[in-house]
Amino acid sequence: MTKFTDLNLDPKVLKAVADAGYETPTPIQAGAIPAALEGRDVLGIAQTGTGKTASFTLPMITLLSRGRARARMPRSLVLCPTRELAAQVAENFDTYTKYSKLTKALLIGGVSFKEQDQLIDRGVDVLIATPGRLLDHFERGKLLLTGVQIMVVDEADRMLDMGFIPDIERIFSLTPFTRQTLFFSATMAPEIERITNTFLSAPAKIEVARQATSGENIAQNVVMFKPSRRERAGSEKRAVLRALIDAEGETLTNGIIFCNRKTDVDIVAKSLTKHGYDAAPIHGDLEQSQRNATLEGFREGRLKILVASDVAARGLDVPSVTHVFNFDVPGHAEDYVHRIGRTGRAGRDGKAIMICEPRDEKNFAAVESLIGKEIPRLDDPSRKGGKEIPEAAETVTSEEKPKRASRSRSRKRAEPTQDAKKSEPKSDEQPVAEAPQAETPKAAPVASENTRDTKRSNSSRSRGGRGKREEEVLGLGDHLPTFIAKSFDDR
Ligand code: AMP
């Protein structure tokens, strides 16, 4: 079996790898490192969790160990789709340049231009950036890309999803024709194929098996959930989620809950917190400082449950995630593979549990067809013997409230996520670092009423919540005066 010491890596890099505790390269590393060290272009078809980050950072550090950085002319460039992923790549560089003298700068949104400009002015060996932020710097005349000898595109398929391909093409055209390109993507969509045909020259192609389809270390389950009434779907689904979490008991030490929409990320996180769970949201609309703090807390084990959107959690490397919950069936089957790949990392066991509503059944069929197996069904744990377990009152969130402001409207739009779904079929997440956010859901203030320990009957549990109000609306026809509606809230 190949060992890192068999690869022609700089001794200083080898020492740092040994310090990190790695002896044997993963398949993507064993394939990509020798080719990259020979100066060849590399096309790596691999997803996160396969060790792909080290497969480009280790040869880059080795290749860059000779030569010096020049002011405003980075010698290498790593492009990542999200801030989080870029920050993670930067951490990898820190780990493996422990004994090497290389400088790096991280160009991501949410960090001041001034600080980043100062670093670039001094000259950096490695520039790690999100595409939009890189082009911002370039357009301000602060950066020259003509010194780039090695360019890495990480998670190209996600770049495609986020609409970054034109930026990537532009950045390619700003770098020298003679550069070496290391290109990574989990899948080879036709558009990705086109880019690689255009910008890569006779690449060494290394394809590694998808972790989720090959790794049998992730136990997968699904709950086929049918709400008792459409307008109760949200709160009943959150009750199912809580029951699933509870059922895992002590085995759940670090879990990620994925939602398809940012609004749901906020609602689910708020609801869990209100019910006494240690949970926090992460998505592209939150302040960078808040996202960093949340992620750090999660990585360090201070935060138990991270509620996330696909984009925000993409590529996150937290080795100890014990559970992944899919609050929604993802719109793209590939995302299921990415999501559950957050658990069961580095040979550990993991568990992935999904909730599937009747309207998600088509997407669910696509997931099963992609992974090539049937996902075992679990009984709905929130129902005992077909009866729903009464849950504590759910406070209405700001995202749900407007749908109830007018009764006639609330009837038509009982399903709050339909509109978002129509306009953005896959996810409401926009590119994190670059594009202005299409939607900025504001978290509703947590209600002062302490509902956690208050078990109520089904009929009274959602006083002031959607289910109850919808019932009142139906009972009173279309002319319920606003002051009556208000009195329910204030009671
Ligand atoms: P990545 O696919 O780059 O996100 O890496 C996934 C995880 O694998 C990270 O936690 C790495 O630290 C870890 N890793 C990278 N290379 C190796 C290796 N050769 N052996 C074991 N774990 C590794």
# chains A, B, ... in the order shown; residues from 1 in each chain; ligands from 1
>>> residues_around(residues="stretch 272-280 of chain A", least_positions_apart="2", cutoff="7 Å", atoms="only C-alpha atoms", output="VMD selection string")
chain A and resid 268 to 270 282 294 303 to 307 452
>>> residues_near_ligand(ligand="ligand 1", cutoff="7 Å", atoms="only C-alpha atoms and all ligand atoms", output="ChimeraX atom specification")
/A:22-26,47-54,315,317-319,345-346
>>> residues_around(residues="A:Glu334", least_positions_apart="2", cutoff="8 Å", atoms="only C-alpha atoms", output="number ranges by chain")
A: 332, 336-338, 367, 370
>>> write_last_selection(atoms="all heavy atoms", output="compact mmCIF listing (two decimals), in the first residue's frame")
# COMPACT_ATOMS: atom_id res chain seq x y z
N HIS A 332 -32.64 17.90 -5.21
CA HIS A 332 -31.71 17.21 -6.10
C HIS A 332 -31.16 16.00 -5.36
O HIS A 332 -30.59 16.16 -4.26
CB HIS A 332 -30.54 18.12 -6.49
CG HIS A 332 -30.92 19.20 -7.44
ND1 HIS A 332 -30.00 20.01 -8.05
CD2 HIS A 332 -32.13 19.61 -7.88
CE1 HIS A 332 -30.63 20.87 -8.84
NE2 HIS A 332 -31.93 20.65 -8.73
N TYR A 336 -28.62 14.70 -1.41
CA TYR A 336 -28.80 13.71 -0.34
C TYR A 336 -27.44 13.08 -0.01
O TYR A 336 -27.06 12.94 1.15
CB TYR A 336 -29.81 12.64 -0.76
CG TYR A 336 -29.99 11.55 0.27
CD1 TYR A 336 -30.76 11.77 1.41
CD2 TYR A 336 -29.36 10.32 0.13
CE1 TYR A 336 -30.90 10.79 2.38
CE2 TYR A 336 -29.50 9.33 1.08
CZ TYR A 336 -30.27 9.57 2.21
OH TYR A 336 -30.40 8.60 3.17
N VAL A 337 -26.73 12.75 -1.08
CA VAL A 337 -25.42 12.12 -0.90
C VAL A 337 -24.47 13.09 -0.18
O VAL A 337 -23.76 12.69 0.75
CB VAL A 337 -24.85 11.71 -2.29
CG1 VAL A 337 -23.46 11.12 -2.13
CG2 VAL A 337 -25.78 10.72 -2.97
N HIS A 338 -24.49 14.34 -0.58
CA HIS A 338 -23.63 15.33 0.09
C HIS A 338 -24.02 15.48 1.55
O HIS A 338 -23.19 15.57 2.43
CB HIS A 338 -23.75 16.70 -0.57
CG HIS A 338 -23.18 16.73 -1.96
ND1 HIS A 338 -21.95 16.25 -2.26
CD2 HIS A 338 -23.71 17.17 -3.13
CE1 HIS A 338 -21.72 16.39 -3.55
NE2 HIS A 338 -22.78 16.95 -4.10
N VAL A 367 -33.89 9.87 -4.97
CA VAL A 367 -32.80 9.60 -4.03
C VAL A 367 -32.51 8.10 -3.99
O VAL A 367 -31.36 7.66 -4.14
CB VAL A 367 -33.14 10.10 -2.61
CG1 VAL A 367 -32.17 9.55 -1.58
CG2 VAL A 367 -33.16 11.63 -2.57
N LEU A 370 -30.80 7.00 -7.08
CA LEU A 370 -29.39 7.40 -7.16
C LEU A 370 -28.49 6.52 -6.29
O LEU A 370 -27.43 6.09 -6.74
CB LEU A 370 -29.23 8.87 -6.73
CG LEU A 370 -27.79 9.36 -6.72
CD1 LEU A 370 -27.28 9.61 -8.14
CD2 LEU A 370 -27.64 10.63 -5.90
>>> residues_around(residues="stretch 74-76 of chain A", least_positions_apart="6", cutoff="6 Å", atoms="only C-alpha atoms", output="ChimeraX atom specification")
/A:124-126,147-151
>>> atom_distance(atom1="atom CA of A:Gly132", atom2="atom CA of A:Asp310")
19.3 Å
>>> select_by_dssp(residues="stretch 68-288 of chain A", states="alpha helix (DSSP H)", output="MDAnalysis selection string")
chainID A and resid 83:96 113:122 131:139 156:161 165:174 190:199 211:214 233:248 262:274 288
